[in-house]
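Enquirer: There's a structure below that I have some questions on.
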Amino acid sequence: MKAIIVGAGIGGLTAAISLRRAGVEAVVFEKAPELREIGAGISVWTNAMKALEKIGVADAVREAGRQEIGGTIRSWNGERISEIPADVLEKRFGLNVVLTRPELQEVLLAALPHDTVRLDAECVGFRQAGSSVTVLFAGGREERGELLVGADGLRSVVRERLFGGARPRYAGFTAWRGLVDLGDEREGEGFEAWGRGNIFGLVSLGRGRFYWYATKNAPEGQRDAPEGRKAELTRLFGGWHEPIPTVIEATEEADILRNDVYDREPLKRWGMGRVTLLGDAAHPMTPNLGQGACQAIEDAVMLAACVRGEANVEKALRGYEERRAGRVAGVVRRSRLLGKAAQLENPLLCALRNAAAGAMPLRLQLRQLDPILDYEE
C-alpha cells in the first residue's frame with residue numbers, strides 16, 4: 001500500500017514515520033523548494049511524547065531538547081499570579097520537552113529514508129477512482145497511491161477540495177515569535193506575563209538559548225509599524241518587567257516572526273473515500289495550550305494504528321477520524337477559551353482573571369490539565 005502525504009511539517013513527517021512502521025510505503029510532497037522550518041520554539045508535551053514513544057523517536061527528541069518545563073504566570077509588572085513547578089508536572093504527567101522547530105524537524109527527518117520527502121511539489125488537487133487516488137501537482141505532475149493524507153496546514157488545498165474554501169476564523173490577535181541567546185546566567189528562566197490585550201512569554205531551551213512569543217489584540221491583516229517589528233515590540237512591552245525589554249533588545253530584527261492567529265470550528269468529518277486530513281489541515285487551533293503540533297503528532301500515530309492490518313482503506317480512515325475528532329474538538333475549544341481570557345482588555349475583567357487564576361489551588365490547576373496531558377490511546 002502506498003500513502004501520499006501532502007505537507008512536510010511536523011504532522012506530515014510524523015505520519016510518514018508512523019505509516020512506514022505500519023508497513024505502508026509513505027511519500028511526502030512539499031510545495032517549498034527547500035525543507036526549512038521556521039526559527040521558533042515548540043513544546044512537545046507529555047501526550048505527544050507518549051505518541052512519539054510508539055514510533056521510536058521519543059529518545060531522540062529528549063536528547064535534542066530541554067526537559068524541565070514548568071508553568072509560571074505573571075502580571076505585566078512581574079507579580080507572580082500562579083505557578084506549576086516543573087517537577088510537579090513531571091511527577092503528575094511525565095517528561096515534557098521543549099526545543100526549536102528545526103531541531104524537531106531534524107529528528108523526524110533522521111527517522112526517514114532520504115528519498116521520502118519530495119520538494120517543490122505543489123498540490124493543486126486530486127481525483128479518486130476505484131482502489132486508488134491520484135494527486136495532481138502544479139506543472140502537470142501526478143502521483144498515484146492507495147490513500148492521501150492532507151497535512152498541508154491552515155489553508156490546506158486538500159481540505160478545500162474536500163469541503164470547500166471557507167476561511168479560517170481570525171482569533172482577534174496577532175503574534176510575534178523569536179529565538180535569542182541570553183547566556184547561562186538566566187538558564188531555566190521561563191514564564192508567561194499577562195497584560196491588557198497582550199501577553200509575553202519566555203521559554204528556556206537550554207544552553208543559554210530562549211524562545212519567546214508576544215501577542216496583541218489587533219485587526220486582521222494589520223501591517224507592521226513603520227519603525228519595524230522590534231521597535232513596535234519595544235513600544236508595547238518596553239515598560240514590562242525584566243527580562244522582557246532585554247529579550248526584545250537582544251533579538252535581531254530579521255529574526256522576529258509575525259503571524260495573525262487563526263483557528264477553525266472543528267469538523268465532524270475529515271475526509272471522503274481514500275482521502276483524510278491531519279493536523280492544522282483538519283483542526284487548526286490557537287497557540288494558547290501549546291498543542292497544535294502535539295495534536296498533529298497524536299493524529300499521525302493514530303492514523304497508522306488504524307491503517308495497520310486493515311485491508312479496507314476507507315474503513316481505516318473513517319475509524320481514524322472517528323477516534324480523533326472528539327479529542328481534538330475539545331482541545332480546540334479549550335485553547336480558544338484560554339486565548340480569550342489571556343487577551344482580555346477591560347481592566348476590571350483583567351483584575352478578576354488574575355485574582356481567579358491566583359486563587360486556584362495547585363491540585364485544581366493540574367486537574368484542568370488532565371484531559372490534555374494525561375491522554376494515551
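Starting from 1 in every chain, residues are counted up; chains themselves are A, B, ... following the order of the C-alpha cells, and ligands are numbered from 1 as listed.
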For range 165-215 of chain A against range 271-289 of chain A, with a cut-off of 10 Å and counting only C-alpha atoms, what is the closest atom pair and its distance in Å to one decimal for every residue that makes the cut, ordered by chain and number, as JSON lines?

Expert:
```
{"residue": "A:Pro168", "atom": "CA", "partner": "A:Pro284", "partner_atom": "CA", "distance": 8.5}
{"residue": "A:Arg169", "atom": "CA", "partner": "A:Pro284", "partner_atom": "CA", "distance": 9.6}
{"residue": "A:Tyr170", "atom": "CA", "partner": "A:Thr286", "partner_atom": "CA", "distance": 9.6}
{"residue": "A:Ala171", "atom": "CA", "partner": "A:Thr286", "partner_atom": "CA", "distance": 7.4}
{"residue": "A:Phe173", "atom": "CA", "partner": "A:Thr286", "partner_atom": "CA", "distance": 9.9}
{"residue": "A:Ala175", "atom": "CA", "partner": "A:Pro287", "partner_atom": "CA", "distance": 9.5}
```

Enquirer: With N, CA and C atoms kept, could you save the residues just selected as a PDB file, in the first residue's frame?

Expert:
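So the final result, stored in result.pdb, reads:
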```
ATOM      1  N   PRO A 168     -10.557  30.431   7.465  1.00  0.00           N
ATOM      2  CA  PRO A 168     -10.362  30.160   8.893  1.00  0.00           C
ATOM      3  C   PRO A 168     -10.855  31.333   9.737  1.00  0.00           C
ATOM      4  N   ARG A 169     -11.092  31.094  11.020  1.00  0.00           N
ATOM      5  CA  ARG A 169     -11.615  32.119  11.928  1.00  0.00           C
ATOM      6  C   ARG A 169     -10.461  32.895  12.546  1.00  0.00           C
ATOM      7  N   TYR A 170     -10.446  34.210  12.346  1.00  0.00           N
ATOM      8  CA  TYR A 170      -9.419  35.037  12.973  1.00  0.00           C
ATOM      9  C   TYR A 170      -9.699  35.141  14.466  1.00  0.00           C
ATOM     10  N   ALA A 171      -8.679  34.878  15.278  1.00  0.00           N
ATOM     11  CA  ALA A 171      -8.856  34.828  16.731  1.00  0.00           C
ATOM     12  C   ALA A 171      -8.882  36.200  17.386  1.00  0.00           C
ATOM     13  N   PHE A 173      -6.207  38.359  17.508  1.00  0.00           N
ATOM     14  CA  PHE A 173      -4.901  38.864  17.936  1.00  0.00           C
ATOM     15  C   PHE A 173      -3.801  38.362  17.009  1.00  0.00           C
ATOM     16  N   ALA A 175       0.563  37.633  16.621  1.00  0.00           N
ATOM     17  CA  ALA A 175       1.621  37.088  17.482  1.00  0.00           C
ATOM     18  C   ALA A 175       2.994  37.257  16.836  1.00  0.00           C
TER      19      ALA A 175
END
```

Enquirer: Give me the residues within 12 Å of range 123-133 of chain A as number ranges by chain, counting only C-alpha atoms and dropping any in the same chain fewer than 2 places off.

Expert: A: 1-7, 28-32, 118-121, 135-152, 156-162, 272-276, 311-314

Enquirer: Find the residues around Lys230 in chain A up to 8 Å (only C-alpha atoms counted), leave out those fewer than 3 positions away in its own chain, and share them as number ranges by chain.

Expert: A: 233-234, 248-249, 251-253, 256

Enquirer: What are the closest atom pairs, with distances in Å to one decimal, for each residue of range 138-250 of chain A lying within 10 Å of range 76-95 of chain A, using only C-alpha atoms, rows by chain and rising residue number, as a Markdown table?

Expert:
```
| residue | atom | partner | partner_atom | distance |
| --- | --- | --- | --- | --- |
| A:Phe191 | CA | A:Glu83 | CA | 9.0 |
| A:Glu192 | CA | A:Trp76 | CA | 9.2 |
| A:Ala193 | CA | A:Trp76 | CA | 5.4 |
| A:Trp194 | CA | A:Trp76 | CA | 5.5 |
| A:Gly195 | CA | A:Trp76 | CA | 5.1 |
| A:Arg196 | CA | A:Trp76 | CA | 8.7 |
| A:Asn198 | CA | A:Trp76 | CA | 9.3 |
| A:Ile199 | CA | A:Trp76 | CA | 8.0 |
| A:Phe200 | CA | A:Trp76 | CA | 8.3 |
| A:Phe237 | CA | A:Trp76 | CA | 8.6 |
| A:Gly239 | CA | A:Asn77 | CA | 8.1 |
| A:Trp240 | CA | A:Trp76 | CA | 5.3 |
| A:His241 | CA | A:Asn77 | CA | 4.9 |
| A:Glu242 | CA | A:Gly78 | CA | 7.8 |
| A:Pro243 | CA | A:Gly78 | CA | 9.7 |
| A:Ile244 | CA | A:Trp76 | CA | 9.5 |
```

Enquirer: I'd like to know which residues of range 5-245 of chain A are strand (DSSP E or B) (by DSSP, run on the backbone); could you write them as a ChimeraX atom specification?

Expert: /A:5-6,25-29,41-44,66,71-75,80-84,97-100,117-118,123-129,132-137,142-145,147-150,169-181,191-194,198-206,209-217

Enquirer: Keeping only C-alpha atoms, write the selected residues as a PDB file, in the first residue's frame.

Expert:
```
ATOM      1  CA  ILE A   5       1.206  12.797   2.272  1.00  0.00           C
ATOM      2  CA  VAL A   6       0.854  16.427   1.220  1.00  0.00           C
ATOM      3  CA  GLU A  25       5.014   2.971   1.756  1.00  0.00           C
ATOM      4  CA  ALA A  26       4.701   6.664   2.630  1.00  0.00           C
ATOM      5  CA  VAL A  27       5.921   9.518   0.425  1.00  0.00           C
ATOM      6  CA  VAL A  28       5.737  13.197   1.431  1.00  0.00           C
ATOM      7  CA  PHE A  29       5.266  16.008  -1.085  1.00  0.00           C
ATOM      8  CA  GLY A  41      10.435  27.060  19.665  1.00  0.00           C
ATOM      9  CA  ILE A  42       7.995  24.231  20.225  1.00  0.00           C
ATOM     10  CA  SER A  43       6.820  22.398  23.325  1.00  0.00           C
ATOM     11  CA  VAL A  44       6.346  18.660  22.943  1.00  0.00           C
ATOM     12  CA  ARG A  66      15.328  20.540  27.276  1.00  0.00           C
ATOM     13  CA  GLY A  71       4.282  26.898  34.121  1.00  0.00           C
ATOM     14  CA  THR A  72       4.543  30.349  35.725  1.00  0.00           C
ATOM     15  CA  ILE A  73       2.026  33.125  35.090  1.00  0.00           C
ATOM     16  CA  ARG A  74       2.967  36.719  35.984  1.00  0.00           C
ATOM     17  CA  SER A  75       1.392  40.125  35.580  1.00  0.00           C
ATOM     18  CA  ARG A  80       3.512  36.151  40.302  1.00  0.00           C
ATOM     19  CA  ILE A  81      -0.076  35.089  39.615  1.00  0.00           C
ATOM     20  CA  SER A  82       0.250  31.296  39.626  1.00  0.00           C
ATOM     21  CA  GLU A  83       2.819  28.555  39.158  1.00  0.00           C
ATOM     22  CA  ILE A  84       3.045  24.842  38.409  1.00  0.00           C
ATOM     23  CA  VAL A  97      10.374  18.586  26.110  1.00  0.00           C
ATOM     24  CA  VAL A  98      10.994  21.986  24.547  1.00  0.00           C
ATOM     25  CA  LEU A  99      13.251  22.522  21.520  1.00  0.00           C
ATOM     26  CA  THR A 100      13.381  24.534  18.329  1.00  0.00           C
ATOM     27  CA  VAL A 117      10.335  13.848   1.023  1.00  0.00           C
ATOM     28  CA  ARG A 118       9.847  15.293  -2.477  1.00  0.00           C
ATOM     29  CA  CYS A 123      -0.565  20.045  -4.752  1.00  0.00           C
ATOM     30  CA  VAL A 124      -3.399  21.570  -6.801  1.00  0.00           C
ATOM     31  CA  GLY A 125      -5.978  18.805  -6.438  1.00  0.00           C
ATOM     32  CA  PHE A 126      -6.711  15.093  -6.572  1.00  0.00           C
ATOM     33  CA  ARG A 127      -9.105  12.584  -8.074  1.00  0.00           C
ATOM     34  CA  GLN A 128     -10.327   9.241  -6.804  1.00  0.00           C
ATOM     35  CA  ALA A 129     -11.192   6.203  -8.878  1.00  0.00           C
ATOM     36  CA  SER A 132      -6.617   4.482  -5.933  1.00  0.00           C
ATOM     37  CA  VAL A 133      -6.278   8.232  -5.524  1.00  0.00           C
ATOM     38  CA  THR A 134      -4.224  10.392  -7.878  1.00  0.00           C
ATOM     39  CA  VAL A 135      -2.694  13.616  -6.593  1.00  0.00           C
ATOM     40  CA  LEU A 136      -2.255  16.471  -9.076  1.00  0.00           C
ATOM     41  CA  PHE A 137       0.669  18.878  -8.811  1.00  0.00           C
ATOM     42  CA  GLU A 142       0.751  13.311 -10.984  1.00  0.00           C
ATOM     43  CA  GLU A 143       1.308  10.722  -8.267  1.00  0.00           C
ATOM     44  CA  ARG A 144      -0.875   7.704  -7.577  1.00  0.00           C
ATOM     45  CA  GLY A 145      -1.409   5.812  -4.343  1.00  0.00           C
ATOM     46  CA  LEU A 147      -4.580   6.811   0.237  1.00  0.00           C
ATOM     47  CA  LEU A 148      -3.989  10.548   0.530  1.00  0.00           C
ATOM     48  CA  VAL A 149      -3.263  12.463   3.736  1.00  0.00           C
ATOM     49  CA  GLY A 150      -3.690  16.234   3.644  1.00  0.00           C
ATOM     50  CA  ARG A 169     -11.615  32.119  11.928  1.00  0.00           C
ATOM     51  CA  TYR A 170      -9.419  35.037  12.973  1.00  0.00           C
ATOM     52  CA  ALA A 171      -8.856  34.828  16.731  1.00  0.00           C
ATOM     53  CA  GLY A 172      -8.600  38.596  17.184  1.00  0.00           C
ATOM     54  CA  PHE A 173      -4.901  38.864  17.936  1.00  0.00           C
ATOM     55  CA  THR A 174      -1.545  38.788  16.201  1.00  0.00           C
ATOM     56  CA  ALA A 175       1.621  37.088  17.482  1.00  0.00           C
ATOM     57  CA  TRP A 176       5.367  37.634  17.284  1.00  0.00           C
ATOM     58  CA  ARG A 177       7.979  34.938  17.935  1.00  0.00           C
ATOM     59  CA  GLY A 178      11.734  34.778  18.157  1.00  0.00           C
ATOM     60  CA  LEU A 179      14.833  32.992  19.409  1.00  0.00           C
ATOM     61  CA  VAL A 180      17.525  34.684  21.463  1.00  0.00           C
ATOM     62  CA  ASP A 181      20.717  33.830  23.353  1.00  0.00           C
ATOM     63  CA  PHE A 191       7.126  32.496  32.319  1.00  0.00           C
ATOM     64  CA  GLU A 192       4.076  33.940  30.628  1.00  0.00           C
ATOM     65  CA  ALA A 193       3.171  37.533  31.530  1.00  0.00           C
ATOM     66  CA  TRP A 194      -0.383  38.847  31.109  1.00  0.00           C
ATOM     67  CA  ASN A 198      -1.390  41.359  25.183  1.00  0.00           C
ATOM     68  CA  ILE A 199       0.909  38.695  26.621  1.00  0.00           C
ATOM     69  CA  PHE A 200       4.624  37.952  26.571  1.00  0.00           C
ATOM     70  CA  GLY A 201       6.119  34.508  27.118  1.00  0.00           C
ATOM     71  CA  LEU A 202       9.675  33.258  27.577  1.00  0.00           C
ATOM     72  CA  VAL A 203      10.786  29.596  27.460  1.00  0.00           C
ATOM     73  CA  SER A 204      14.286  28.294  28.179  1.00  0.00           C
ATOM     74  CA  LEU A 205      15.707  25.987  25.518  1.00  0.00           C
ATOM     75  CA  GLY A 206      18.904  25.226  27.439  1.00  0.00           C
ATOM     76  CA  ARG A 209      19.015  29.902  24.425  1.00  0.00           C
ATOM     77  CA  PHE A 210      15.421  31.089  24.756  1.00  0.00           C
ATOM     78  CA  TYR A 211      12.249  31.057  22.727  1.00  0.00           C
ATOM     79  CA  TRP A 212       9.878  33.992  23.216  1.00  0.00           C
ATOM     80  CA  TYR A 213       6.445  34.951  21.984  1.00  0.00           C
ATOM     81  CA  ALA A 214       4.245  38.022  22.273  1.00  0.00           C
ATOM     82  CA  THR A 215       0.693  38.933  21.279  1.00  0.00           C
ATOM     83  CA  LYS A 216      -1.596  41.923  20.998  1.00  0.00           C
ATOM     84  CA  ASN A 217      -5.225  42.397  20.034  1.00  0.00           C
TER      85      ASN A 217
END
```

Enquirer: List as a list in words the protein and nucleic acid residues near Leu13 in chain A, meaning an atom at most 8 Å away when only C-alpha atoms are counted, but skip any in the same chain fewer than 6 places from it.

Expert: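 Using only C-alpha atoms, the neighbours found are Val28, Gln105, Leu108 and Leu109 of chain A.
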
Enquirer: Could you save the residues just selected, with N, CA and C atoms, as a PDB file, in the first residue's frame?

Expert:
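So selection_26.pdb came out as:
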```
ATOM      1  N   VAL A  28       6.173  11.856   1.039  1.00  0.00           N
ATOM      2  CA  VAL A  28       5.737  13.197   1.431  1.00  0.00           C
ATOM      3  C   VAL A  28       6.050  14.185   0.313  1.00  0.00           C
ATOM      4  N   GLN A 105      12.326  18.973  13.528  1.00  0.00           N
ATOM      5  CA  GLN A 105      12.288  18.547  12.131  1.00  0.00           C
ATOM      6  C   GLN A 105      13.473  17.645  11.800  1.00  0.00           C
ATOM      7  N   LEU A 108      12.933  14.122  13.118  1.00  0.00           N
ATOM      8  CA  LEU A 108      11.955  13.374  12.329  1.00  0.00           C
ATOM      9  C   LEU A 108      12.526  12.964  10.975  1.00  0.00           C
ATOM     10  N   LEU A 109      13.254  13.862  10.332  1.00  0.00           N
ATOM     11  CA  LEU A 109      13.859  13.525   9.041  1.00  0.00           C
ATOM     12  C   LEU A 109      14.875  12.391   9.175  1.00  0.00           C
TER      13      LEU A 109
END
```

Enquirer: One decimal, in Å: what's the spacing between CA of Thr14 in chain A and CA of Arg264 in chain A?

Expert: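 These two atoms are separated by 22.4 Å.
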
Enquirer: Which of these residues is nearest to Ala16 in chain A, using only C-alpha atoms: A:Ala48, A:Ala60, A:Leu303, A:Ile69?

Expert: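 Checking each of A:Ala48, A:Ala60, A:Leu303, A:Ile69 against Ala16 in chain A, counting only C-alpha atoms, the winner is A:Leu303.
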
Enquirer: Select from range 22-259 of chain A everything DSSP, run on the backbone, classes as alpha helix (DSSP H), then give the selection as a VMD selection string.

Expert: chain A and resid 46 to 54 58 to 64 86 to 93 101 to 110 157 to 163 229 to 237 244 to 250

Enquirer: What is the distance between CA of Lys315 in chain A and CA of Trp270 in chain A, in Å to one decimal?

Expert: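 Here the two named atoms are 13.1 Å from each other.
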